[in-house]
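Participant: This is the content of coords.cif (mmCIF, C-alpha atoms and all ligand atoms):
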data_entry
#
loop_
_atom_site.label_atom_id
_atom_site.label_comp_id
_atom_site.auth_asym_id
_atom_site.auth_seq_id
_atom_site.Cartn_x
_atom_site.Cartn_y
_atom_site.Cartn_z
CA MET A 1 -13.93 -15.67 6.92
CA GLN A 2 -13.39 -12.14 5.80
CA TYR A 3 -14.64 -9.40 8.07
CA PRO A 4 -18.44 -9.29 8.07
CA GLN A 5 -20.04 -6.58 5.97
CA LEU A 6 -22.08 -4.06 7.90
CA HIS A 7 -25.53 -3.12 6.66
CA LEU A 8 -26.38 0.06 8.51
CA SER A 9 -29.82 1.44 7.71
CA ALA A 10 -30.27 4.54 5.53
CA PRO A 11 -31.13 6.82 8.51
CA GLU A 12 -28.04 5.57 10.41
CA ILE A 13 -25.84 6.18 7.38
CA ALA A 14 -27.34 9.65 6.89
CA HIS A 15 -26.63 10.43 10.56
CA HIS A 16 -22.96 9.35 10.31
CA ARG A 17 -22.51 11.14 7.03
CA GLU A 18 -23.80 14.40 8.47
CA LEU A 19 -21.43 14.23 11.46
CA THR A 20 -18.46 13.24 9.30
CA GLU A 21 -19.12 16.01 6.80
CA ALA A 22 -19.42 18.55 9.61
CA PHE A 23 -15.98 17.51 10.83
CA ALA A 24 -14.59 17.65 7.27
CA ASN A 25 -15.84 21.23 6.93
CA LYS A 26 -14.23 22.15 10.26
CA ALA A 27 -10.92 20.60 9.22
CA LEU A 28 -11.00 22.36 5.84
CA ALA A 29 -11.81 25.72 7.46
CA ALA A 30 -8.99 25.34 10.00
CA THR A 31 -6.38 24.51 7.33
CA ARG A 32 -7.55 27.39 5.15
CA ASN A 33 -7.46 29.84 8.07
CA HIS A 34 -3.99 28.68 9.08
CA ARG A 35 -2.70 29.15 5.53
CA HIS A 36 -3.96 32.72 5.35
CA ASP A 37 -3.22 33.77 8.92
CA ARG A 38 -0.22 32.36 10.78
CA ALA A 39 -1.64 33.64 14.09
CA TYR A 40 -4.89 31.73 13.62
CA LEU A 41 -3.88 28.59 15.52
CA ARG A 42 -2.56 30.60 18.48
CA GLY A 43 -5.92 32.37 18.64
CA GLN A 44 -7.59 28.95 18.79
CA GLY A 45 -5.54 27.90 21.82
CA TYR A 46 -2.97 25.75 19.97
CA LYS A 47 0.70 25.77 21.02
CA LEU A 48 3.58 24.84 18.75
CA THR A 49 5.07 21.67 20.28
CA GLN A 50 7.39 20.53 17.52
CA ASP A 51 9.06 22.05 14.47
CA LYS A 52 11.13 19.38 12.80
CA ASN A 53 11.96 17.97 9.36
CA GLY A 54 9.88 20.67 7.66
CA SER A 55 6.68 19.96 9.58
CA GLN A 56 5.11 21.70 12.55
CA THR A 57 2.92 20.20 15.27
CA TYR A 58 0.49 22.29 17.30
CA GLN A 59 -1.47 20.91 20.25
CA ARG A 60 -4.24 22.21 22.47
CA THR A 61 -6.19 20.85 25.42
CA CYS A 62 -9.51 19.21 24.68
CA PRO A 63 -12.51 20.34 26.77
CA THR A 64 -13.87 16.79 27.10
CA SER A 65 -10.71 14.65 27.33
CA SER A 66 -7.21 14.65 28.81
CA PHE A 67 -5.89 13.69 25.35
CA GLU A 68 -4.95 16.80 23.41
CA GLU A 69 -6.17 17.82 19.99
CA TYR A 70 -3.52 18.24 17.37
CA PHE A 71 -2.80 19.99 14.10
CA MET A 72 0.27 18.96 12.10
CA THR A 73 1.28 20.55 8.89
CA GLY A 74 4.11 20.64 6.36
CA ILE A 75 4.95 20.67 2.67
CA CYS A 76 5.35 17.46 0.77
CA ASP A 77 6.95 16.91 -2.54
CA THR A 78 4.24 15.39 -4.70
CA THR A 79 1.25 16.62 -6.69
CA ILE A 80 -2.44 16.71 -5.88
CA ASP A 81 -3.18 14.25 -8.72
CA GLU A 82 -0.65 11.80 -7.35
CA MET A 83 -2.06 12.19 -3.85
CA SER A 84 -5.62 11.70 -5.13
CA TYR A 85 -4.51 8.31 -6.41
CA GLY A 86 -2.49 7.60 -3.27
CA ILE A 87 -5.19 8.00 -0.64
CA TYR A 88 -8.21 6.62 -2.48
CA THR A 89 -9.12 3.09 -1.42
CA GLU A 90 -12.26 1.25 -2.41
CA THR A 91 -11.24 -2.34 -1.72
CA THR A 92 -10.07 -3.88 1.52
CA HIS A 93 -6.74 -4.79 -0.06
CA ASP A 94 -6.18 -1.17 -1.18
CA LEU A 95 -6.99 0.02 2.32
CA ARG A 96 -4.53 -2.45 3.85
CA THR A 97 -1.87 -1.30 1.39
CA LEU A 98 -2.42 2.38 2.22
CA PHE A 99 -2.31 1.76 5.98
CA ALA A 100 0.70 -0.54 5.75
CA LEU A 101 2.55 2.30 3.99
CA THR A 102 1.38 5.04 6.34
CA PHE A 103 1.46 3.25 9.71
CA LYS A 104 4.32 0.88 8.79
CA ASN A 105 5.05 -1.66 11.54
CA ASP A 106 2.23 -0.36 13.74
CA PHE A 107 -0.40 -1.46 11.24
CA MET A 108 -2.17 -4.73 11.97
CA ASP A 109 -5.25 -5.00 9.77
CA ALA A 110 -8.05 -3.06 8.11
CA ALA A 111 -11.20 -3.70 6.11
CA ILE A 112 -14.01 -1.94 4.30
CA LEU A 113 -17.27 -2.85 6.01
CA GLN A 114 -19.84 -0.87 4.04
CA THR A 115 -19.54 1.23 0.89
CA CYS A 116 -22.13 3.97 0.36
CA GLU A 117 -20.60 6.37 -2.20
CA THR A 118 -17.62 5.95 -4.50
CA GLN A 119 -15.52 8.10 -6.85
CA THR A 120 -17.16 9.99 -9.69
CA GLU A 121 -15.82 11.33 -12.96
CA GLU A 122 -15.66 14.85 -11.52
CA ASP A 123 -14.19 13.77 -8.19
CA PRO A 124 -11.79 10.78 -8.23
CA VAL A 125 -11.34 10.99 -4.43
CA HIS A 126 -15.02 10.95 -3.50
CA TRP A 127 -15.90 8.12 -1.11
CA PHE A 128 -18.17 7.54 1.85
CA GLY A 129 -18.64 4.41 3.89
CA ILE A 130 -17.66 2.45 6.97
CA LYS A 131 -14.20 1.01 7.53
CA TYR A 132 -12.34 -0.90 10.22
CA ALA A 133 -8.72 -0.57 11.37
CA ARG A 134 -6.54 -2.33 13.93
CA LEU A 135 -3.11 -0.98 14.81
CA TYR A 136 -0.62 -0.22 17.55
CA LEU A 137 -0.65 3.34 18.80
CA HIS A 138 2.87 4.23 19.85
CA ALA A 139 4.55 0.89 19.31
CA SER A 140 3.67 -2.46 20.76
CA ILE A 141 4.32 -1.55 24.41
CA PHE A 142 0.58 -0.93 24.76
CA GLN A 143 -2.23 -3.27 23.75
CA PRO A 144 -3.30 -3.00 20.11
CA ARG A 145 -6.23 -0.71 19.34
CA ASP A 146 -9.05 -0.97 16.85
CA THR A 147 -11.90 1.17 15.58
CA VAL A 148 -14.96 1.05 13.34
CA TYR A 149 -15.29 4.43 11.64
CA SER A 150 -17.07 6.37 8.97
CA GLU A 151 -14.85 7.90 6.31
CA LEU A 152 -15.60 10.73 3.92
CA SER A 153 -13.20 11.92 1.26
CA GLY A 154 -13.47 14.37 -1.59
CA THR A 155 -12.08 17.32 -3.52
CA ARG A 156 -12.79 21.05 -3.18
CA VAL A 157 -11.65 23.75 -5.57
CA ASP A 158 -11.05 27.31 -4.31
CA GLU A 159 -11.77 30.60 -6.12
CA ALA A 160 -8.28 30.65 -7.61
CA GLY A 161 -8.73 27.12 -9.01
CA TYR A 162 -6.43 25.36 -6.54
CA ARG A 163 -7.63 21.98 -5.35
CA THR A 164 -7.80 20.63 -1.83
CA ILE A 165 -8.45 16.98 -1.14
CA PHE A 166 -9.52 15.65 2.23
CA GLN A 167 -10.09 12.32 3.92
CA VAL A 168 -11.68 12.39 7.36
CA ARG A 169 -12.48 9.54 9.74
CA ARG A 170 -14.77 9.39 12.70
CA THR A 171 -15.26 6.46 15.10
CA ILE A 172 -18.80 5.12 15.19
CA GLU A 173 -20.28 2.93 17.88
CA THR A 174 -21.87 -0.24 16.63
CA PRO A 175 -22.77 -3.42 18.51
CA LEU A 176 -22.53 -5.30 15.19
CA PHE A 177 -18.75 -5.34 15.26
CA PRO A 178 -17.29 -5.73 18.76
CA ALA A 179 -13.57 -5.37 19.49
CA PHE A 180 -11.40 -8.48 19.22
CA PRO A 181 -10.20 -10.10 22.47
CA HIS A 182 -7.14 -8.27 23.89
CA VAL A 183 -7.75 -5.35 21.54
CA VAL A 184 -8.87 -1.99 22.96
CA ARG A 185 -11.36 0.03 20.97
CA PHE A 186 -10.26 3.63 20.46
CA ASP A 187 -12.22 6.73 19.68
CA HIS A 188 -11.11 9.25 17.08
CA GLN A 189 -12.02 12.05 14.78
CA MET A 190 -9.11 12.70 12.47
CA GLY A 191 -8.57 14.12 9.05
CA TRP A 192 -5.99 14.49 6.32
CA VAL A 193 -6.13 17.62 4.19
CA PHE A 194 -3.89 18.19 1.14
CA SER A 195 -3.91 21.62 -0.48
CA GLU A 196 -2.39 22.42 -3.83
CA LEU A 197 0.15 25.29 -3.68
CA PRO A 198 0.99 27.68 -6.54
CA ASP A 199 4.30 25.81 -7.10
CA ARG A 200 2.30 22.54 -7.54
CA ARG A 201 3.65 20.94 -4.37
CA ILE A 202 1.13 20.29 -1.63
CA GLN A 203 0.64 21.31 1.95
CA PHE A 204 -0.58 18.50 4.16
CA THR A 205 -2.44 18.80 7.44
CA ILE A 206 -3.28 16.09 9.93
CA ILE A 207 -5.95 17.40 12.26
CA GLY A 208 -8.09 15.93 14.99
CA HIS A 209 -8.41 14.15 18.27
CA LEU A 210 -7.83 10.59 19.37
CA ASP A 211 -8.66 8.96 22.71
CA PRO A 212 -6.88 5.60 22.87
CA HIS A 213 -8.84 4.39 25.95
CA GLY A 214 -7.45 1.40 27.86
CA ASN A 215 -4.36 1.87 29.97
CA MET A 216 -2.46 4.48 27.97
CA PRO A 217 -1.61 7.54 30.12
CA ALA A 218 -2.57 10.86 28.51
CA TRP A 219 0.83 12.47 29.20
CA VAL A 220 2.58 9.65 27.32
CA PHE A 221 0.21 9.94 24.38
CA ASN A 222 0.39 13.74 24.24
CA LYS A 223 4.19 13.64 24.28
CA MET A 224 4.59 10.76 21.82
CA THR A 225 2.13 11.91 19.17
CA PRO A 226 4.25 14.72 17.64
CA LYS A 227 7.35 12.47 17.67
CA LYS A 228 5.44 9.83 15.83
CA HIS A 229 4.40 12.25 13.10
CA ALA A 230 7.83 13.86 12.67
CA ALA A 231 8.39 11.84 9.49
CA SER A 232 5.02 12.72 7.92
CA CYS A 233 6.59 14.94 5.22
CA THR A 234 8.71 12.07 3.94
CA MET A 235 5.89 9.58 4.37
CA PHE A 236 3.39 11.60 2.32
CA SER A 237 6.03 12.55 -0.28
CA GLU A 238 6.88 8.88 -0.88
CA LEU A 239 3.43 7.39 -0.40
CA VAL A 240 2.31 7.30 -4.02
CA ARG A 241 5.59 5.91 -5.37
CA LEU A 242 5.52 3.20 -2.76
CA ARG A 243 1.90 2.36 -3.49
CA ARG A 244 2.54 2.09 -7.22
CA LEU A 245 5.52 -0.13 -6.54
CA VAL A 246 3.60 -2.43 -4.22
CA GLU A 247 0.71 -2.63 -6.68
CA ALA A 248 2.92 -3.42 -9.68
CA PRO A 249 2.62 -7.04 -10.82
CA SER A 250 5.46 -8.90 -9.17
CA LYS A 251 8.05 -10.20 -11.59
CA ASP A 252 9.66 -13.52 -11.06
CA THR A 253 13.39 -13.37 -10.62
CA LEU A 254 15.62 -13.24 -13.68
CA TRP A 255 18.02 -16.13 -13.41
CA VAL A 256 21.56 -15.79 -14.66
CA VAL A 257 22.34 -18.92 -16.63
CA ASP A 258 25.70 -18.07 -18.18
CA GLY A 259 27.45 -18.36 -14.81
CA SER A 260 28.48 -14.71 -14.73
CA PRO A 261 28.35 -13.06 -11.30
CA ARG A 262 25.13 -11.40 -10.30
CA ARG A 263 25.67 -7.67 -10.63
CA CYS A 264 23.61 -4.95 -9.00
CA THR A 265 21.77 -3.00 -11.72
CA MET A 266 22.43 0.29 -9.91
CA CYS A 267 26.14 -0.23 -9.12
CA PRO A 268 27.37 -3.04 -11.40
CA LYS A 269 30.73 -3.33 -9.61
CA ASN A 270 28.91 -4.74 -6.63
CA THR A 271 28.40 -8.48 -6.93
CA LYS A 272 28.00 -9.23 -3.22
CA HIS A 273 24.97 -9.50 -0.94
CA TRP A 274 22.47 -9.32 -3.74
CA LYS A 275 18.73 -9.93 -3.81
CA TYR A 276 16.10 -9.90 -6.53
CA CYS A 277 13.78 -6.91 -6.94
CA ARG A 278 10.14 -7.99 -6.82
CA CYS A 279 9.15 -5.39 -9.39
CA CYS A 280 11.72 -5.79 -12.19
CA GLY A 281 13.14 -9.17 -11.21
CA GLN A 282 16.70 -7.92 -11.52
CA VAL A 283 19.58 -8.14 -9.10
CA THR A 284 20.01 -5.41 -6.51
CA CYS A 285 22.69 -5.18 -3.84
CA ARG A 286 22.07 -4.54 -0.17
CA LYS A 287 22.98 -0.86 -0.51
CA CYS A 288 20.54 -0.23 -3.36
CA LEU A 289 17.52 -2.10 -2.06
CA LEU A 290 14.40 -0.99 -0.29
CA THR A 291 12.27 -3.22 1.93
CA ILE A 292 8.57 -2.41 1.89
CA SER A 293 5.95 -3.87 4.22
CA GLN A 294 2.74 -4.75 2.47
CA PRO A 295 -0.37 -6.77 3.19
CA LEU A 296 -0.75 -10.35 2.09
CA LYS A 297 -3.55 -10.88 -0.41
CA VAL A 298 -5.20 -13.50 1.80
CA THR A 299 -5.29 -12.70 5.50
CA TRP A 300 -7.24 -15.60 6.84
CA SER A 301 -6.12 -19.14 7.44
CA LYS A 302 -6.91 -21.56 4.59
CA ALA A 303 -7.14 -24.48 7.01
CA ASP A 304 -9.51 -22.63 9.30
CA PRO A 305 -11.29 -19.80 7.47
CA ALA A 306 -12.66 -18.43 10.74
CA ARG A 307 -9.14 -17.65 11.92
CA HIS A 308 -7.22 -14.62 10.75
CA ILE A 309 -3.49 -14.79 10.19
CA SER A 310 -2.11 -12.83 13.11
CA HIS A 311 0.46 -10.91 11.04
CA PRO A 312 -1.04 -10.45 7.61
CA MET A 313 2.03 -8.59 6.41
CA ASP A 314 4.81 -9.44 4.05
CA LYS A 315 8.14 -7.70 3.48
CA ALA A 316 9.32 -7.43 -0.10
CA VAL A 317 12.60 -6.21 -1.56
CA TYR A 318 12.70 -3.65 -4.40
CA CYS A 319 15.57 -1.91 -6.15
CA LYS A 320 15.88 1.87 -5.89
CA ALA A 321 15.62 2.24 -9.67
CA CYS A 322 12.07 0.88 -9.50
CA PHE A 323 11.30 3.13 -6.53
CA LYS A 324 12.42 6.21 -8.47
CA ALA A 325 10.37 5.26 -11.53
CA PRO A 326 7.53 3.00 -10.42
CA PRO A 327 5.65 1.20 -13.18
CA ASN A 328 2.45 2.95 -14.39
CA SER A 329 3.85 6.30 -13.32
CA GLY A 330 4.96 7.08 -16.86
CA MET A 331 8.46 7.91 -15.64
CA SER A 332 10.64 5.23 -17.18
CA GLU A 333 10.90 2.00 -19.08
CA HIS A 334 13.23 0.69 -16.40
CA THR A 335 11.14 -2.36 -15.66
CA GLN A 336 11.36 -3.57 -19.24
CA SER A 337 14.41 -5.81 -19.05
CA LYS A 338 17.29 -4.97 -21.32
CA HIS A 339 19.28 -8.02 -20.33
CA SER A 340 19.42 -10.43 -23.21
CA SER A 341 21.92 -12.78 -21.59
CA ILE A 342 19.59 -13.81 -18.82
CA THR A 343 16.52 -15.95 -18.98
CA SER A 344 13.32 -15.16 -17.24
CA ASN A 345 12.03 -17.47 -14.65
CA ASP A 346 8.71 -16.75 -16.20
CA PHE A 347 6.78 -19.69 -14.89
CA ASP A 348 3.48 -18.93 -16.51
CA THR A 349 5.00 -18.84 -19.96
CA ALA A 350 7.42 -21.68 -19.33
CA LEU A 351 4.85 -24.03 -18.00
CA THR A 352 2.46 -23.42 -20.85
CA VAL A 353 5.23 -24.28 -23.26
CA SER A 354 6.34 -27.30 -21.30
CA SER A 355 2.80 -28.57 -21.13
CA SER A 356 1.95 -27.98 -24.75
CA GLN A 357 1.40 -31.70 -25.23
CA GLY A 358 -0.75 -31.86 -22.13
CA SER A 359 -4.26 -30.88 -21.31
CA PHE A 360 -3.55 -27.15 -21.03
CA ARG A 361 -3.59 -26.45 -24.72
CA ASP A 362 -6.87 -24.66 -24.34
CA SER A 363 -5.96 -22.52 -21.37
CA ALA A 364 -6.15 -18.76 -21.76
CA LEU A 365 -2.42 -18.49 -21.11
CA HIS A 366 -1.58 -20.70 -24.03
CA SER A 367 -2.35 -18.07 -26.60
CA THR A 368 0.23 -15.71 -25.09
CA ALA A 369 3.09 -18.20 -25.08
CA SER A 370 5.41 -19.21 -27.87
CA GLU A 371 5.50 -22.78 -29.17
CA GLY A 372 8.53 -24.94 -28.51
CA PRO A 373 10.07 -27.43 -26.15
CA ALA A 374 10.51 -26.50 -22.49
CA THR A 375 14.29 -26.52 -22.79
CA GLN A 376 14.16 -23.66 -25.25
CA VAL A 377 12.59 -21.49 -22.59
CA MET A 378 15.59 -22.12 -20.39
CA VAL A 379 18.07 -20.51 -22.73
CA THR A 380 16.12 -17.74 -24.39
CA ARG A 381 14.50 -14.76 -22.81
CA ALA A 382 10.88 -15.69 -22.29
CA LYS A 383 8.06 -13.33 -22.96
CA SER A 384 7.80 -10.84 -20.11
CA LEU A 385 5.29 -11.45 -17.40
CA GLN A 386 3.79 -8.08 -18.13
CA ASP A 387 2.60 -9.38 -21.49
CA VAL A 388 0.97 -12.30 -19.78
CA ASN A 389 -0.72 -9.90 -17.39
CA GLU A 390 -2.25 -8.02 -20.24
CA VAL A 391 -4.62 -10.92 -20.81
CA PRO A 392 -7.89 -9.66 -19.32
CA GLN A 393 -8.19 -10.91 -15.74
CA ALA A 394 -11.67 -12.30 -16.29
CA THR A 395 -10.45 -14.58 -19.08
CA LEU A 396 -7.70 -15.95 -16.89
CA VAL A 397 -9.90 -16.57 -13.88
CA GLY A 398 -12.72 -18.03 -15.92
CA ALA A 399 -10.43 -20.43 -17.74
CA PHE A 400 -9.19 -22.20 -14.61
CA ASN A 401 -10.69 -24.64 -12.24
CA PRO A 402 -9.05 -25.55 -8.90
CA ALA A 403 -7.64 -28.88 -10.17
CA VAL A 404 -5.94 -27.16 -13.10
CA GLN A 405 -4.57 -24.46 -10.82
CA GLU A 406 -3.10 -27.06 -8.49
CA SER A 407 -1.49 -28.79 -11.42
CA LEU A 408 -0.11 -25.47 -12.68
CA ALA A 409 1.38 -24.73 -9.28
CA TYR A 410 3.10 -28.12 -9.30
CA GLN A 411 4.49 -27.54 -12.77
CA ARG A 412 5.77 -24.13 -11.71
CA LEU A 413 7.69 -25.86 -8.97
CA LEU A 414 9.17 -28.36 -11.44
CA VAL A 415 10.27 -25.62 -13.81
CA GLU A 416 11.83 -23.71 -10.92
CA GLN A 417 13.76 -26.80 -9.82
CA MET A 418 14.95 -27.48 -13.37
CA GLN A 419 16.15 -23.91 -13.74
CA ARG A 420 17.99 -24.03 -10.46
CA SER A 421 19.78 -27.23 -11.36
CA LEU A 422 20.65 -25.77 -14.76
CA VAL A 423 22.28 -22.78 -13.06
CA VAL A 424 24.22 -25.05 -10.73
CA GLN A 425 25.36 -27.26 -13.63
CA GLN A 426 26.51 -24.29 -15.65
CA ASN A 427 28.39 -22.87 -12.68
CA ILE A 428 30.16 -26.21 -12.28
CA THR A 429 31.02 -26.31 -16.01
CA ASN A 430 32.36 -22.76 -15.91
CA SER A 431 34.54 -23.37 -12.88
CA GLN A 432 36.14 -26.48 -14.43
ZN ZN B 501 13.62 -3.21 -9.66
ZN ZN B 502 23.96 -1.61 -5.68
#
Step by step, read the file and then write its structure as structure tokens.

Facilitator:
Amino acid sequence: MQYPQLHLSAPEIAHHRELTEAFANKALAATRNHRHDRAYLRGQGYKLTQDKNGSQTYQRTCPTSSFEEYFMTGICDTTIDEMSYGIYTETTHDLRTLFALTFKNDFMDAAILQTCETQTEEDPVHWFGIKYARLYLHASIFQPRDTVYSELSGTRVDEAGYRTIFQVRRTIETPLFPAFPHVVRFDHQMGWVFSELPDRRIQFTIIGHLDPHGNMPAWVFNKMTPKKHAASCTMFSELVRLRRLVEAPSKDTLWVVDGSPRRCTMCPKNTKHWKYCRCCGQVTCRKCLLTISQPLKVTWSKADPARHISHPMDKAVYCKACFKAPPNSGMSEHTQSKHSSITSNDFDTALTVSSSQGSFRDSALHSTASEGPATQVMVTRAKSLQDVNEVPQATLVGAFNPAVQESLAYQRLLVEQMQRSLVVQQNITNSQ
């Protein structure tokens, strides 16, 4: 089971849209006023409660709740175009990726429940619909929280031509999607606003109010909230790079078959404590790696589709070279391997070659692979996985049936085992 889709009626949607847009306008006005008048927030009853790591947090009491309203702001080192890509999510998997990167270990799960409006040519950030999120607020010492909320995002351009993008969220009450057992439903009205500055960097603002409900004392929440957001500058600055990295097609590891030590691509002297980068497939040492939490593609149990996997997250290792120049960012050709002495554990290509006498001759993959015996793949650099990925997705999916896929998976395993034993054999030969 995936999360059920909601089908709110047109009047209900119009009602939520109106309230969400009203909040967006309030958030945009507040950030604009603060930018032009540093005394504005004080006049609105906000007090500065934290000034750290280049970001400031202001809080004020809320007339209807003991949980304070907050306004956090700072400068982050990225562009408005990058951020427009970074925060836009129109699939559940995109949303999970974004939240995994922003909430890190506190993120549990998220889903898109109803889509009403999506991006347009003029506004790549435009979106309205209903989403769901489950996460820990302030670590796992309190019960997890969840919320069903309406989200509106979009772009505004000011008189001087500078762009501001916003994404605001507002809890909605719906009996159609009750909270999970042992999960407390929270109530919030929160927004992100990113304004383009004359030097092309952006000023971010997190603004709003959140009532966690359940057993969380207000004084704990009010004190913890600014601490939790102290790293927002870094988080927003890195968000887009991380997202591009996570979304890059994962490369299978590049196996060293000549028996030479595995050297870190960033600091080649280091041959110890290495791992493989998921993005470029090359060796990276412990000092030069980056571990990124990201959602699994399938978050429900295959054996029992009604049951969700309780921790739908995966941790993957990347090298810092890939982080600095993520694929599709137009920054570098780093991910194109320059190593001619190593063979690719490129299963898709290898297995097509190894099965060229079999029944897979007609598969879509076949046309992308070179002819030849399987052993040849072991000692020459196979075609990069990226080339294989360039085959239109629809062709690949359409060309397979479950039985073929199962067989492919088994052959992948065989190729992997053969390659491993080859490496071991060569190591033995070299050490003799
Ligand atoms: Zn890498
Ligand atoms: Zn290194």

Participant: Check the smallest atom-to-atom distance from each of A:Pro124, A:Gly86, A:Gly154, A:Gly74 to A:Arg241 using all atoms listed in the file, then report the winner.

Facilitator: A:Gly86

Participant: What's the separation between atom CA of A:Lys227 and atom CA of A:Phe142, in Å to one decimal place?

Facilitator: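 Interatomic distance here is 16.6 Å.
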
Participant: Out of A:Thr57, A:Ser293, A:Thr79, A:Thr147, which residue has the shortest atom-to-atom distance to A:Ser237 when counting all atoms listed in the file?

Facilitator: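 Smallest separation from A:Ser237 among the options: A:Thr79.
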
Participant: Counting all atoms listed in the file, name the residues that have an atom within 7 Å of an atom of ligand ZN 502 (chain B); the answer should be given as JSON, numbers by chain.

Facilitator: {"A": [264, 265, 266, 267, 268, 270, 284, 285, 286, 287, 288]}

Participant: Give me a file of those residues, with C-alpha atoms, as a CSV table (one decimal), in the coordinates of the input.

Facilitator:
chain,number,residue,atom,x,y,z
A,264,CYS,CA,23.6,-5.0,-9.0
A,265,THR,CA,21.8,-3.0,-11.7
A,266,MET,CA,22.4,0.3,-9.9
A,267,CYS,CA,26.1,-0.2,-9.1
A,268,PRO,CA,27.4,-3.0,-11.4
A,270,ASN,CA,28.9,-4.7,-6.6
A,284,THR,CA,20.0,-5.4,-6.5
A,285,CYS,CA,22.7,-5.2,-3.8
A,286,ARG,CA,22.1,-4.5,-0.2
A,287,LYS,CA,23.0,-0.9,-0.5
A,288,CYS,CA,20.5,-0.2,-3.4

Participant: Could the residues that lie within 10 Å of ligand ZN 501 (chain B), counting only C-alpha atoms and all ligand atoms, be listed as number ranges by chain?

Facilitator: A: 245, 250-251, 265-266, 276-284, 288-290, 317-327, 334-337

Participant: May I ask which of the residues A:Ala133, A:Ile165, A:Ala248, A:Leu152 is the closest one to A:Leu28, counting only C-alpha atoms?

Facilitator: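 Closest residue, counting only C-alpha atoms: A:Ile165.
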
Participant: Restricting the calculation to only C-alpha atoms, which member of A:Arg420, A:His7, A:His182, A:Arg96 is positioned closest to A:Arg243?

Facilitator: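 Smallest separation from A:Arg243 among the options: A:Arg96.
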
Participant: Please report the interatomic distance between atom CA of A:Glu196 and atom CA of A:Arg17 in Å with one decimal.

Facilitator: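 Separation of atom CA of A:Glu196 and atom CA of A:Arg17: 25.5 Å.
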
Participant: Quick one, how far is atom CA of A:Glu151 from atom CA of A:Phe23?

Facilitator: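 Computing the Euclidean distance for atom CA of A:Glu151 and atom CA of A:Phe23 yields 10.7 Å.
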
Participant: Name the residues in contact with stretch 30-44 of chain A at a cut-off of 10 Å, using only C-alpha atoms, excluding same-chain residues fewer than 5 positions from it; report them as a ChimeraX atom specification.

Facilitator: /A:24-25,58-60,71-73,164,193-195,203-207

Participant: Give the padded box for stretch 283-288 of chain A as JSON: axis-aligned, covering all atoms listed in the file, 8 Å on each side, centre and edge lengths in Å to one decimal.

Facilitator:
{"center_x": 21.3, "center_y": -4.2, "center_z": -4.6, "size_x": 19.4, "size_y": 23.9, "size_z": 24.9}
